[in-house]
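**Student:** Got model_39.cif for you, mmCIF, C-alpha atoms and all ligand atoms:
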data_structure
#
loop_
_atom_site.label_atom_id
_atom_site.label_comp_id
_atom_site.auth_asym_id
_atom_site.auth_seq_id
_atom_site.Cartn_x
_atom_site.Cartn_y
_atom_site.Cartn_z
CA MET A 1 128.60 68.35 101.65
CA SER A 2 128.30 71.68 99.87
CA HIS A 3 125.08 72.70 98.17
CA SER A 4 125.93 75.81 96.25
CA LEU A 5 123.79 77.73 93.83
CA LYS A 6 126.01 76.45 91.04
CA PHE A 7 125.26 72.86 91.92
CA PHE A 8 121.53 73.46 91.88
CA ALA A 9 121.60 75.54 88.74
CA VAL A 10 123.55 72.82 86.93
CA ALA A 11 121.39 70.03 88.35
CA ALA A 12 118.26 71.93 87.45
CA LEU A 13 119.42 72.57 83.90
CA ALA A 14 120.50 68.98 83.42
CA LEU A 15 117.22 67.57 84.62
CA GLY A 16 115.15 70.17 82.84
CA ILE A 17 111.74 71.48 83.62
CA ALA A 18 110.29 68.24 82.25
CA ALA A 19 111.46 66.62 85.47
CA CYS A 20 108.74 68.60 87.24
CA ASN A 21 106.24 66.31 85.57
CA ASP A 22 107.76 63.32 87.32
CA ASN A 23 104.96 62.37 89.69
CA SER A 24 106.90 59.85 91.77
CA ALA A 25 106.80 62.19 94.77
CA GLU A 26 103.05 62.53 94.47
CA LYS A 27 102.72 58.76 94.28
CA LYS A 28 104.87 58.41 97.37
CA GLU A 29 102.79 61.11 99.07
CA SER A 30 99.46 59.51 98.36
CA ALA A 31 100.73 56.19 99.65
CA ALA A 32 101.56 57.69 103.02
CA THR A 33 98.36 58.62 104.81
CA ASP A 34 99.39 57.75 108.35
CA SER A 35 99.91 61.05 110.18
CA THR A 36 102.84 59.59 112.09
CA ALA A 37 104.58 58.25 108.98
CA VAL A 38 108.04 59.68 108.46
CA LYS A 39 110.39 58.76 105.66
CA THR A 40 113.60 57.41 107.09
CA ASP A 41 115.48 59.45 104.49
CA ASP A 42 114.16 62.86 105.56
CA THR A 43 117.54 64.48 104.97
CA PRO A 44 118.59 67.55 102.99
CA GLU A 45 119.88 65.17 100.30
CA SER A 46 116.46 63.53 99.93
CA LEU A 47 114.89 66.79 98.72
CA ASP A 48 114.92 66.66 94.93
CA SER A 49 115.97 70.11 93.71
CA ALA A 50 114.60 69.37 90.21
CA LYS A 51 111.11 69.41 91.71
CA PHE A 52 111.59 73.05 92.62
CA VAL A 53 112.45 74.14 89.08
CA ALA A 54 109.45 75.77 87.44
CA MET A 55 108.27 78.95 85.77
CA ILE A 56 105.75 80.94 87.79
CA ASP A 57 104.57 84.35 86.57
CA GLY A 58 107.34 84.19 83.95
CA LYS A 59 110.05 83.79 86.58
CA LYS A 60 112.21 80.80 87.35
CA THR A 61 112.02 79.04 90.69
CA ALA A 62 114.68 76.84 92.24
CA LEU A 63 115.76 75.32 95.53
CA TYR A 64 118.72 76.65 97.49
CA GLN A 65 120.45 74.97 100.39
CA LEU A 66 122.34 76.87 103.05
CA THR A 67 124.80 75.05 105.28
CA ASN A 68 127.43 75.64 107.94
CA HIS A 69 130.10 73.32 109.31
CA LYS A 70 128.09 72.41 112.43
CA GLY A 71 125.57 70.10 110.80
CA MET A 72 122.86 72.66 110.06
CA THR A 73 121.17 72.88 106.65
CA VAL A 74 118.25 75.03 105.54
CA ALA A 75 116.45 74.50 102.22
CA ILE A 76 114.63 77.49 100.75
CA THR A 77 112.88 78.13 97.45
CA ASN A 78 112.61 81.60 95.91
CA TYR A 79 108.89 80.90 95.36
CA GLY A 80 107.59 82.96 98.27
CA GLY A 81 111.00 82.71 99.96
CA ARG A 82 109.66 79.53 101.50
CA ILE A 83 111.59 77.37 103.92
CA ALA A 84 111.30 73.75 102.80
CA GLY A 85 113.22 72.26 105.72
CA ILE A 86 115.64 73.03 108.55
CA TRP A 87 117.93 70.22 109.64
CA VAL A 88 119.73 70.51 112.97
CA PRO A 89 121.35 67.90 115.26
CA ASP A 90 119.23 66.53 118.11
CA LYS A 91 120.58 65.53 121.55
CA GLU A 92 122.10 62.36 120.03
CA GLY A 93 123.58 64.26 117.10
CA LYS A 94 120.95 62.91 114.70
CA GLN A 95 119.96 65.33 111.91
CA THR A 96 116.36 66.32 112.58
CA ASP A 97 114.14 68.27 110.22
CA VAL A 98 112.45 70.83 112.46
CA ALA A 99 110.46 72.78 109.85
CA TRP A 100 107.48 71.63 107.84
CA GLY A 101 107.88 71.87 104.09
CA MET A 102 106.79 70.43 100.77
CA SER A 103 108.69 68.20 98.37
CA SER A 104 108.13 70.39 95.28
CA VAL A 105 107.32 73.94 94.29
CA ASP A 106 104.10 72.60 92.79
CA ALA A 107 103.09 71.14 96.16
CA PHE A 108 103.81 74.47 97.86
CA GLU A 109 101.71 76.29 95.23
CA LYS A 110 98.76 73.90 95.48
CA SER A 111 98.80 73.52 99.26
CA ASP A 112 95.92 75.08 101.16
CA MET A 113 98.47 76.16 103.78
CA ALA A 114 98.90 79.45 101.97
CA TYR A 115 101.74 80.71 104.13
CA LEU A 116 103.71 77.52 104.78
CA GLY A 117 107.33 78.48 105.44
CA ALA A 118 106.93 81.75 103.55
CA LEU A 119 108.07 85.34 103.69
CA ILE A 120 105.08 87.46 104.65
CA GLY A 121 104.39 90.99 103.41
CA ARG A 122 103.72 93.73 102.90
CA TYR A 123 101.90 93.54 106.20
CA GLY A 124 102.35 90.43 108.33
CA ASN A 125 99.28 89.58 110.42
CA ARG A 126 95.91 91.34 110.31
CA ILE A 127 94.63 94.78 109.38
CA GLY A 128 91.13 95.37 110.75
CA HIS A 129 88.21 95.96 108.39
CA ALA A 130 90.63 95.64 105.46
CA GLN A 131 91.61 99.28 105.40
CA PHE A 132 93.91 101.86 106.90
CA GLN A 133 94.49 105.59 106.76
CA LEU A 134 97.76 107.23 105.91
CA ASP A 135 98.41 110.94 105.46
CA GLY A 136 94.65 111.56 105.53
CA LYS A 137 93.82 109.06 102.81
CA THR A 138 91.94 105.76 103.21
CA TYR A 139 93.47 102.72 101.55
CA PRO A 140 91.05 99.82 101.02
CA LEU A 141 92.62 96.36 100.99
CA ALA A 142 91.43 92.86 100.15
CA ALA A 143 89.39 91.23 102.92
CA ASN A 144 90.90 87.74 102.78
CA ASP A 145 90.25 86.71 106.39
CA GLY A 146 86.63 87.41 107.28
CA PRO A 147 86.29 91.20 107.32
CA ASN A 148 90.07 91.69 107.71
CA THR A 149 93.25 91.59 105.66
CA LEU A 150 95.66 88.81 106.59
CA HIS A 151 99.35 88.63 105.66
CA GLY A 152 99.36 91.23 102.88
CA GLY A 153 96.14 90.41 101.03
CA LYS A 154 95.17 87.96 98.32
CA LYS A 155 98.57 87.62 96.74
CA GLY A 156 101.14 88.61 99.30
CA PHE A 157 104.88 88.03 99.28
CA GLN A 158 104.33 84.32 100.00
CA ALA A 159 103.09 83.82 96.44
CA VAL A 160 105.56 85.85 94.39
CA VAL A 161 108.82 84.67 92.86
CA TRP A 162 111.80 86.46 94.36
CA ASP A 163 115.03 87.16 92.48
CA ALA A 164 117.71 85.07 94.13
CA ALA A 165 121.46 85.18 94.56
CA GLN A 166 123.59 82.85 96.64
CA PRO A 167 126.88 84.62 97.36
CA ASN A 168 128.20 81.68 99.42
CA ASP A 169 127.15 78.31 100.86
CA SER A 170 125.51 79.82 103.93
CA THR A 171 123.68 82.84 102.48
CA LEU A 172 120.70 83.43 100.20
CA GLU A 173 119.68 86.90 99.08
CA LEU A 174 116.11 87.38 97.87
CA MET A 175 114.88 90.53 96.18
CA TYR A 176 111.39 91.61 95.22
CA THR A 177 110.01 94.90 93.94
CA SER A 178 106.38 95.33 94.90
CA PRO A 179 104.77 97.84 92.52
CA ASP A 180 102.95 100.94 93.74
CA MET A 181 99.42 99.98 94.90
CA GLU A 182 100.07 96.25 94.72
CA GLU A 183 97.37 94.71 96.93
CA GLY A 184 96.27 98.28 97.66
CA PHE A 185 99.46 99.43 99.43
CA PRO A 186 100.98 102.74 98.31
CA GLY A 187 104.58 103.12 97.11
CA THR A 188 106.96 101.03 95.08
CA LEU A 189 108.55 98.85 97.75
CA ASN A 190 112.00 97.43 97.08
CA VAL A 191 112.47 94.53 99.45
CA LYS A 192 115.57 92.49 100.20
CA VAL A 193 115.58 89.52 102.54
CA VAL A 194 118.85 87.79 103.38
CA TYR A 195 118.64 84.32 104.89
CA SER A 196 121.84 82.99 106.42
CA VAL A 197 122.93 80.02 108.45
CA THR A 198 125.39 81.18 111.08
CA ALA A 199 128.38 79.33 112.54
CA ASP A 200 126.47 78.95 115.84
CA ASN A 201 123.49 77.12 114.27
CA ALA A 202 121.11 80.02 113.84
CA LEU A 203 118.94 80.90 110.89
CA LYS A 204 119.31 84.65 110.56
CA ILE A 205 116.69 86.57 108.58
CA ASP A 206 117.62 90.12 107.66
CA TYR A 207 114.79 92.15 106.12
CA SER A 208 115.23 95.54 104.48
CA ALA A 209 113.04 97.74 102.30
CA THR A 210 112.74 101.19 100.82
CA THR A 211 109.76 102.98 99.33
CA ASP A 212 109.21 105.93 97.00
CA LYS A 213 105.95 106.98 98.74
CA ASN A 214 104.93 106.87 102.39
CA THR A 215 103.57 103.41 103.15
CA ILE A 216 103.26 100.72 105.84
CA VAL A 217 105.46 97.64 106.19
CA ASN A 218 105.55 94.67 108.58
CA LEU A 219 107.63 91.78 107.29
CA THR A 220 107.93 88.37 108.88
CA ASN A 221 108.35 84.68 108.15
CA HIS A 222 105.79 81.92 108.54
CA ALA A 223 107.95 78.86 109.19
CA TYR A 224 106.05 76.05 110.88
CA PHE A 225 108.25 74.37 113.48
CA ASN A 226 108.08 70.95 115.08
CA LEU A 227 111.28 70.62 117.09
CA ASN A 228 110.78 66.86 117.45
CA GLY A 229 110.88 66.60 113.67
CA GLU A 230 108.41 66.94 110.81
CA GLY A 231 105.81 64.20 111.13
CA SER A 232 106.60 63.37 114.77
CA GLY A 233 103.06 64.13 115.95
CA GLU A 234 101.55 67.07 117.84
CA ILE A 235 103.60 69.88 119.32
CA LEU A 236 101.61 69.91 122.57
CA GLY A 237 104.49 68.41 124.58
CA HIS A 238 106.94 71.13 123.52
CA THR A 239 107.83 73.55 126.29
CA VAL A 240 107.73 77.27 125.65
CA GLN A 241 108.97 80.34 127.40
CA ILE A 242 107.98 83.72 125.97
CA TYR A 243 109.75 86.72 127.46
CA ALA A 244 106.63 88.86 127.53
CA ASP A 245 104.56 90.02 130.51
CA LYS A 246 101.85 91.42 128.25
CA TYR A 247 99.96 90.54 125.11
CA THR A 248 97.47 92.24 122.81
CA PRO A 249 94.05 90.66 123.47
CA VAL A 250 91.87 90.24 120.39
CA ASP A 251 88.21 90.30 119.37
CA SER A 252 86.48 87.32 117.80
CA THR A 253 88.01 88.18 114.37
CA LEU A 254 91.51 88.23 115.92
CA ILE A 255 91.93 92.01 115.69
CA PRO A 256 93.57 93.53 118.80
CA THR A 257 91.27 95.50 121.05
CA GLY A 258 94.06 98.04 121.37
CA LYS A 259 94.80 97.22 125.01
CA LEU A 260 97.99 95.65 126.32
CA GLU A 261 97.02 93.21 129.05
CA PRO A 262 99.09 91.17 131.52
CA VAL A 263 99.44 87.47 130.74
CA ALA A 264 99.65 86.75 134.49
CA GLY A 265 96.80 84.61 135.71
CA THR A 266 95.81 83.52 132.17
CA PRO A 267 96.65 80.42 130.10
CA LEU A 268 98.64 82.78 127.86
CA ASP A 269 101.29 83.16 130.56
CA PHE A 270 104.55 81.64 129.31
CA THR A 271 106.84 83.82 131.42
CA LYS A 272 107.95 80.52 132.99
CA PRO A 273 108.49 77.48 130.75
CA ALA A 274 105.27 75.52 130.23
CA ALA A 275 104.05 72.88 127.81
CA ILE A 276 102.07 74.17 124.83
CA GLY A 277 99.35 71.64 125.60
CA ALA A 278 99.11 72.22 129.36
CA ARG A 279 96.38 74.90 129.20
CA ILE A 280 95.50 75.12 125.50
CA ASN A 281 91.99 73.76 126.07
CA ASP A 282 91.25 75.89 129.14
CA ASP A 283 87.93 77.69 129.27
CA ASN A 284 89.24 81.08 128.20
CA GLU A 285 87.70 83.54 125.75
CA GLN A 286 91.02 84.42 124.09
CA LEU A 287 91.81 80.74 123.48
CA LYS A 288 88.31 80.30 122.07
CA PHE A 289 88.78 83.19 119.63
CA GLY A 290 92.13 81.77 118.48
CA LYS A 291 90.99 78.13 118.64
CA GLY A 292 94.18 77.80 120.68
CA TYR A 293 97.18 80.12 120.82
CA ASP A 294 97.12 82.72 118.04
CA HIS A 295 98.24 85.81 119.91
CA ASN A 296 100.70 88.64 119.71
CA TYR A 297 103.01 88.91 122.71
CA VAL A 298 104.43 92.29 123.70
CA LEU A 299 108.08 91.44 124.21
CA ASN A 300 109.71 92.70 127.40
CA GLY A 301 112.89 93.60 125.54
CA THR A 302 114.95 91.12 127.58
CA LYS A 303 118.52 91.47 126.37
CA GLY A 304 119.66 88.39 124.47
CA LEU A 305 122.33 87.32 122.02
CA TYR A 306 123.42 89.42 119.04
CA GLY A 307 122.45 92.56 120.98
CA LEU A 308 118.79 91.74 120.28
CA THR A 309 115.65 91.09 122.32
CA HIS A 310 115.28 87.50 123.55
CA ALA A 311 111.75 86.73 122.39
CA ALA A 312 111.19 83.07 123.24
CA THR A 313 112.63 79.61 123.85
CA PHE A 314 110.86 76.53 122.47
CA THR A 315 112.04 72.98 123.27
CA GLY A 316 111.05 69.69 121.67
CA ASP A 317 110.27 67.19 124.43
CA LYS A 318 111.45 64.18 122.39
CA SER A 319 114.44 65.60 120.50
CA GLY A 320 115.89 67.87 123.17
CA ILE A 321 116.22 70.52 120.45
CA SER A 322 115.69 74.08 121.60
CA MET A 323 115.04 77.10 119.45
CA ASP A 324 115.77 80.56 120.85
CA ILE A 325 114.40 83.56 119.02
CA TYR A 326 116.19 86.90 119.07
CA THR A 327 114.73 89.89 117.31
CA GLN A 328 114.56 93.63 116.83
CA GLU A 329 110.78 93.45 116.60
CA PRO A 330 108.48 94.49 119.49
CA GLY A 331 106.07 91.55 119.08
CA LEU A 332 105.87 87.79 118.61
CA GLN A 333 102.83 85.99 117.20
CA PHE A 334 102.63 82.55 118.77
CA TYR A 335 100.34 80.43 116.63
CA SER A 336 99.80 76.81 117.66
CA GLY A 337 98.74 75.44 114.26
CA ASN A 338 95.04 75.49 115.16
CA PHE A 339 93.75 75.65 111.62
CA ASN A 340 95.69 72.69 110.24
CA LYS A 341 93.53 69.72 109.42
CA SER A 342 95.58 67.03 107.65
CA THR A 343 94.68 68.26 104.18
CA ASN A 344 98.30 68.43 102.96
CA THR A 345 101.07 65.89 102.62
CA LEU A 346 104.41 67.21 103.78
CA LYS A 347 107.78 66.27 102.29
CA SER A 348 108.29 63.44 104.79
CA GLY A 349 105.00 61.86 103.75
CA ALA A 350 103.32 62.95 106.99
CA LYS A 351 100.16 65.05 107.07
CA ASP A 352 99.86 68.62 108.36
CA ILE A 353 97.97 67.47 111.42
CA HIS A 354 96.09 69.80 113.77
CA ARG A 355 98.64 71.35 116.13
CA GLY A 356 101.43 69.38 114.49
CA ALA A 357 103.59 72.51 114.21
CA PHE A 358 103.71 76.05 115.54
CA ALA A 359 104.66 79.42 114.09
CA ALA A 360 106.56 82.10 115.97
CA GLU A 361 106.40 85.23 113.87
CA THR A 362 108.43 88.23 114.96
CA GLN A 363 106.51 91.35 114.04
CA HIS A 364 105.02 94.74 114.82
CA PHE A 365 101.63 94.32 116.44
CA PRO A 366 98.60 93.32 114.36
CA ASP A 367 96.45 96.20 113.08
CA SER A 368 99.08 98.80 114.03
CA PRO A 369 98.06 101.11 111.15
CA ASN A 370 94.66 101.50 112.88
CA LYS A 371 96.04 101.60 116.42
CA PRO A 372 97.95 104.85 116.87
CA ALA A 373 99.17 103.83 120.33
CA PHE A 374 101.01 100.76 118.96
CA PRO A 375 104.58 101.12 117.65
CA SER A 376 104.31 102.55 114.14
CA THR A 377 104.64 100.46 110.99
CA GLU A 378 104.87 103.50 108.75
CA LEU A 379 107.80 103.71 106.35
CA LYS A 380 108.32 107.12 104.85
CA ALA A 381 109.56 107.73 101.33
CA GLY A 382 113.35 107.62 101.31
CA GLN A 383 113.58 105.94 104.75
CA GLN A 384 115.19 102.55 105.23
CA TYR A 385 113.26 99.68 106.84
CA HIS A 386 115.59 97.17 108.46
CA THR A 387 114.93 94.41 110.95
CA VAL A 388 116.72 91.23 111.94
CA THR A 389 115.55 88.00 113.59
CA TYR A 390 117.57 84.92 114.57
CA TYR A 391 116.17 81.43 115.16
CA LYS A 392 119.00 79.73 117.05
CA PHE A 393 119.08 75.97 117.57
CA SER A 394 120.81 73.91 120.24
CA SER A 395 120.22 70.53 121.87
CA LYS A 396 120.75 68.73 125.15
C1 LIG B 1 97.88 83.78 111.99
C2 LIG B 1 96.79 82.76 112.02
C3 LIG B 1 96.58 82.26 110.66
C4 LIG B 1 97.84 81.68 110.16
C5 LIG B 1 97.68 81.21 108.76
C6 LIG B 1 99.10 83.14 111.48
O1 LIG B 1 100.11 84.08 111.38
O2 LIG B 1 98.10 84.34 113.26
O3 LIG B 1 95.61 83.31 112.52
O4 LIG B 1 95.57 81.32 110.61
O5 LIG B 1 98.85 82.66 110.20
O6 LIG B 1 98.79 80.50 108.38
#
Step by step, read the file and then write its structure as structure tokens.
Ligand code: BGC

**Tutor:**
Amino acid sequence: MSHSLKFFAVAALALGIAACNDNSAEKKESAATDSTAVKTDDTPESLDSAKFVAMIDGKKTALYQLTNHKGMTVAITNYGGRIAGIWVPDKEGKQTDVAWGMSSVDAFEKSDMAYLGALIGRYGNRIGHAQFQLDGKTYPLAANDGPNTLHGGKKGFQAVVWDAAQPNDSTLELMYTSPDMEEGFPGTLNVKVVYSVTADNALKIDYSATTDKNTIVNLTNHAYFNLNGEGSGEILGHTVQIYADKYTPVDSTLIPTGKLEPVAGTPLDFTKPAAIGARINDDNEQLKFGKGYDHNYVLNGTKGLYGLTHAATFTGDKSGISMDIYTQEPGLQFYSGNFNKSTNTLKSGAKDIHRGAFAAETQHFPDSPNKPAFPSTELKAGQQYHTVTYYKFSSK
């Protein structure tokens, strides 16, 4: 079934913005409090596109669905470029929704999971002491995570409405112009993110940007994955392999110390496949600081598909669905959903339980602008920023 932009535009117009006031979804949501509850109709078709039509900051939001001919569908709204769901076949061929999402744009906006499924910018992850220096000048930023800046400041790219174009059934182009000094970052940044669903069941995210003044950029995506399906419980039984011999240890505020340390001999070692839950509660200072895994891995650069670095392989123990990540980025933040506390109702009716999903954010290392030895995140005026990541799904 094709879900083109035209279909959604027409459906949205026909239903009108008034449809956003329909609170049937909210009623359904409040009825489902059991964290294991899953709607049996958690399919791409069950997402009501009318509930994504709204005006935010004077711009129109909508829902877009990307499909291929191999049974993969991804639903994305241009509000924050947020992924609302990713449906892929499990080992029995059953469509499984492997990404947490909300049932309306309103629910995304009101959720206290500020980054759920979203595009993250201008600077993904943390900047220490909420400031950085560039060309001899200090740029103060918003401290929105203790003393630090997290994910671009108070109103990062997760909370803006992107201009959207859907050139075909499998591609969504999102554009956003971030004004000079927005959230304290210098330079007018023209950003384009292209999401596409490939013929081999990957979600490809292609990020590009240009600036008119020297600046810093580190774009990523904050999808929350549960490869057994949204609402299927904790992710602790998932197995993970991260192709990284080193990581960037952090202080108690999750800012890297600046050292690259071996994972060998620590519970952060995923060089061989291991369950997320096997060592997550070990007596380890780094796990204490992160309240679980919340660490940047220094990727080995293992050659993978698409001519890119093979970053990691995650596998759902119940579904048999694997997700392989390939990227141009030097780092991967593995975050095991430690701060989730069942305060939100997801589109399936399930809660966002503690460790019920994980994020795997391809990125430059946290606090790079203040760590000269880390790969640079500087983008000079007139230069082109371009980086690509694939999340590829398979099952057995
Ligand atoms: C960070 C976590 C943070 C989470 C918020 C992750 O990228 O590493 O520390 O709590 O984003 O969604």

**Student:** Show which residues sit within 9 Å of range 57-66 of chain A, as a short mmCIF file (atom, residue, chain, number, x, y, z; two decimals) with C-alpha atoms, in the frame of the given file. Count all atoms listed in the file, and ignore same-chain residues fewer than 4 positions away.

**Tutor:**
data_model
loop_
_atom_site.label_atom_id
_atom_site.label_comp_id
_atom_site.auth_asym_id
_atom_site.auth_seq_id
_atom_site.Cartn_x
_atom_site.Cartn_y
_atom_site.Cartn_z
CA SER A 2 128.30 71.68 99.87
CA HIS A 3 125.08 72.70 98.17
CA SER A 4 125.93 75.81 96.25
CA LEU A 5 123.79 77.73 93.83
CA PHE A 8 121.53 73.46 91.88
CA ALA A 9 121.60 75.54 88.74
CA ALA A 12 118.26 71.93 87.45
CA PRO A 44 118.59 67.55 102.99
CA ASP A 48 114.92 66.66 94.93
CA SER A 49 115.97 70.11 93.71
CA ALA A 50 114.60 69.37 90.21
CA LYS A 51 111.11 69.41 91.71
CA PHE A 52 111.59 73.05 92.62
CA VAL A 53 112.45 74.14 89.08
CA MET A 72 122.86 72.66 110.06
CA THR A 73 121.17 72.88 106.65
CA VAL A 74 118.25 75.03 105.54
CA ALA A 75 116.45 74.50 102.22
CA ILE A 76 114.63 77.49 100.75
CA THR A 77 112.88 78.13 97.45
CA ASN A 78 112.61 81.60 95.91
CA TYR A 79 108.89 80.90 95.36
CA ALA A 84 111.30 73.75 102.80
CA VAL A 105 107.32 73.94 94.29
CA VAL A 160 105.56 85.85 94.39
CA VAL A 161 108.82 84.67 92.86
CA TRP A 162 111.80 86.46 94.36
CA ASP A 163 115.03 87.16 92.48
CA ALA A 164 117.71 85.07 94.13
CA GLN A 166 123.59 82.85 96.64
CA ASN A 168 128.20 81.68 99.42
CA ASP A 169 127.15 78.31 100.86
CA SER A 170 125.51 79.82 103.93
CA THR A 171 123.68 82.84 102.48
CA LEU A 172 120.70 83.43 100.20
CA TYR A 195 118.64 84.32 104.89
CA SER A 196 121.84 82.99 106.42
CA VAL A 197 122.93 80.02 108.45
#

**Student:** Between A:Asp251, A:Asp352, A:Asp206, A:Glu230, which residue has the minimum interatomic distance to Gln328 in chain A, considering only C-alpha atoms?

**Tutor:** A:Asp206

**Student:** Rank A:Ala373, A:Ile255, A:Val193, A:Met102 by their smallest atom-to-atom distance to ligand LIG 1 (chain B), using all atoms listed in the file, and report the top residue only.

**Tutor:**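 The shortest atom-to-atom distance to ligand LIG 1 (chain B) comes from A:Ile255.
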
**Student:** Have a look at A:Ala54, A:Val98, A:Leu174, A:Val250 and name the one nearest to ligand LIG 1 (chain B); count all atoms listed in the file.

**Tutor:**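 Among A:Ala54, A:Val98, A:Leu174, A:Val250, it is A:Val250 that comes nearest to ligand LIG 1 (chain B).
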
**Student:** My list of candidates is A:Ala114, A:Leu47, A:Ala107, A:Val388. Which is closest to ligand LIG 1 (chain B) when distances are computed with only C-alpha atoms and all ligand atoms?

**Tutor:**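 Of A:Ala114, A:Leu47, A:Ala107, A:Val388, the one nearest ligand LIG 1 (chain B) is A:Ala114, counting only C-alpha atoms and all ligand atoms.
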
**Student:** Could you tell me, counting all atoms listed in the file, which protein and nucleic acid residues lie no more than 7 Å from ligand LIG 1 (chain B), written as a PDB file with C-alpha atoms, in the frame of the given file?

**Tutor:**
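This is the output file pocket21.pdb:
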ATOM      1  CA  MET A 113      98.470  76.160 103.780  1.00  0.00           C
ATOM      2  CA  ALA A 114      98.900  79.450 101.970  1.00  0.00           C
ATOM      3  CA  TYR A 115     101.740  80.710 104.130  1.00  0.00           C
ATOM      4  CA  LEU A 116     103.710  77.520 104.780  1.00  0.00           C
ATOM      5  CA  ASN A 125      99.280  89.580 110.420  1.00  0.00           C
ATOM      6  CA  HIS A 222     105.790  81.920 108.540  1.00  0.00           C
ATOM      7  CA  ASP A 294      97.120  82.720 118.040  1.00  0.00           C
ATOM      8  CA  HIS A 295      98.240  85.810 119.910  1.00  0.00           C
ATOM      9  CA  GLN A 333     102.830  85.990 117.200  1.00  0.00           C
ATOM     10  CA  TYR A 335     100.340  80.430 116.630  1.00  0.00           C
ATOM     11  CA  PHE A 339      93.750  75.650 111.620  1.00  0.00           C
ATOM     12  CA  GLU A 361     106.400  85.230 113.870  1.00  0.00           C
TER      13      GLU A 361
END

**Student:** Which residues, written as a VMD selection string, have at least one atom at most 6 Å from Leu219 in chain A, with only C-alpha atoms counted and residues fewer than 3 positions away on the same chain left out?

**Tutor:** chain A and resid 120 to 121 124

**Student:** For a quick check of understanding, using all atoms listed in the file, which of A:Tyr391, A:Ala202, A:Ile325, A:Tyr123 has the smallest distance to Val217 in chain A?

**Tutor:**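 Of all the options, A:Tyr123 lies closest to Val217 in chain A.
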
**Student:** Which one is closest to Gly337 in chain A: A:Lys155, A:Lys291, A:Lys371, A:His364? Count all atoms listed in the file.

**Tutor:**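 Nearest candidate to Gly337 in chain A out of A:Lys155, A:Lys291, A:Lys371, A:His364: A:Lys291.
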
**Student:** Would you work out the distance separating CA of Ser208 in chain A from CA of Lys110 in chain A, expressed in Å to one decimal?

**Tutor:**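 CA of Lys110 in chain A lies at a distance of 28.6 Å from CA of Ser208 in chain A.
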
**Student:** Please, what distance in Å, to one decimal, runs between CA of Thr215 in chain A and CA of Asn190 in chain A?

**Tutor:**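 Result for CA of Thr215 in chain A versus CA of Asn190 in chain A: 12.0 Å, one decimal.
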
**Student:** Please measure the separation of CA of Thr220 in chain A and CA of Asp200 in chain A, giving the value in Å to one decimal.

**Tutor:**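 Interatomic distance here is 21.9 Å.
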
**Student:** Could you pull the residues within 12 Å of Lys259 in chain A, counting only C-alpha atoms, minus those fewer than 6 positions along the same chain, as a list in words?

**Tutor:**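 Once the nearby chain positions are removed, what remains is Lys246, Tyr247, Thr248, Pro249, Val250, Asp251, Asn296, Tyr297, Val298, Phe365, Pro366, Ser368, Lys371, Pro372, Ala373 and Phe374 of chain A.
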
**Student:** Show me, as JSON, the centre and edge lengths in Å to one decimal of the axis-aligned box that covers every listed atom of range 364-380 of chain A with 6 Å on each side.

**Tutor:**
{"center_x": 101.5, "center_y": 100.2, "center_z": 112.6, "size_x": 25.7, "size_y": 25.8, "size_z": 27.5}

**Student:** Within 6 Å of Thr362 in chain A, counting all atoms listed in the file, which residues show up once you throw out same-chain ones fewer than 4 positions away? Write them as a list in words, please.

**Tutor:** Glu329, Gly331 and Leu332 of chain A

**Student:** Using the incomplete input, complete range 380-386 of chain A to the level of N, CA, C and O atoms; output as a short mmCIF file (atom, residue, chain, number, x, y, z; two decimals), in the coordinates of the input.

**Tutor:**
data_model
loop_
_atom_site.label_atom_id
_atom_site.label_comp_id
_atom_site.auth_asym_id
_atom_site.auth_seq_id
_atom_site.Cartn_x
_atom_site.Cartn_y
_atom_site.Cartn_z
N LYS A 380 108.44 105.91 105.68
CA LYS A 380 108.32 107.12 104.85
C LYS A 380 109.20 107.01 103.61
O LYS A 380 110.22 106.29 103.62
N ALA A 381 108.79 107.71 102.57
CA ALA A 381 109.56 107.73 101.33
C ALA A 381 111.01 108.10 101.65
O ALA A 381 111.25 109.04 102.40
N GLY A 382 111.93 107.32 101.11
CA GLY A 382 113.35 107.62 101.31
C GLY A 382 113.94 107.02 102.58
O GLY A 382 115.16 106.93 102.71
N GLN A 383 113.06 106.58 103.53
CA GLN A 383 113.58 105.94 104.75
C GLN A 383 113.96 104.48 104.50
O GLN A 383 113.45 103.88 103.55
N GLN A 384 114.77 103.95 105.37
CA GLN A 384 115.19 102.55 105.23
C GLN A 384 114.51 101.71 106.31
O GLN A 384 114.59 102.02 107.49
N TYR A 385 113.81 100.65 105.89
CA TYR A 385 113.26 99.68 106.84
C TYR A 385 114.31 98.59 107.01
O TYR A 385 114.86 98.10 106.02
N HIS A 386 114.61 98.23 108.24
CA HIS A 386 115.59 97.17 108.46
C HIS A 386 115.29 96.46 109.76
O HIS A 386 115.12 97.11 110.80
#
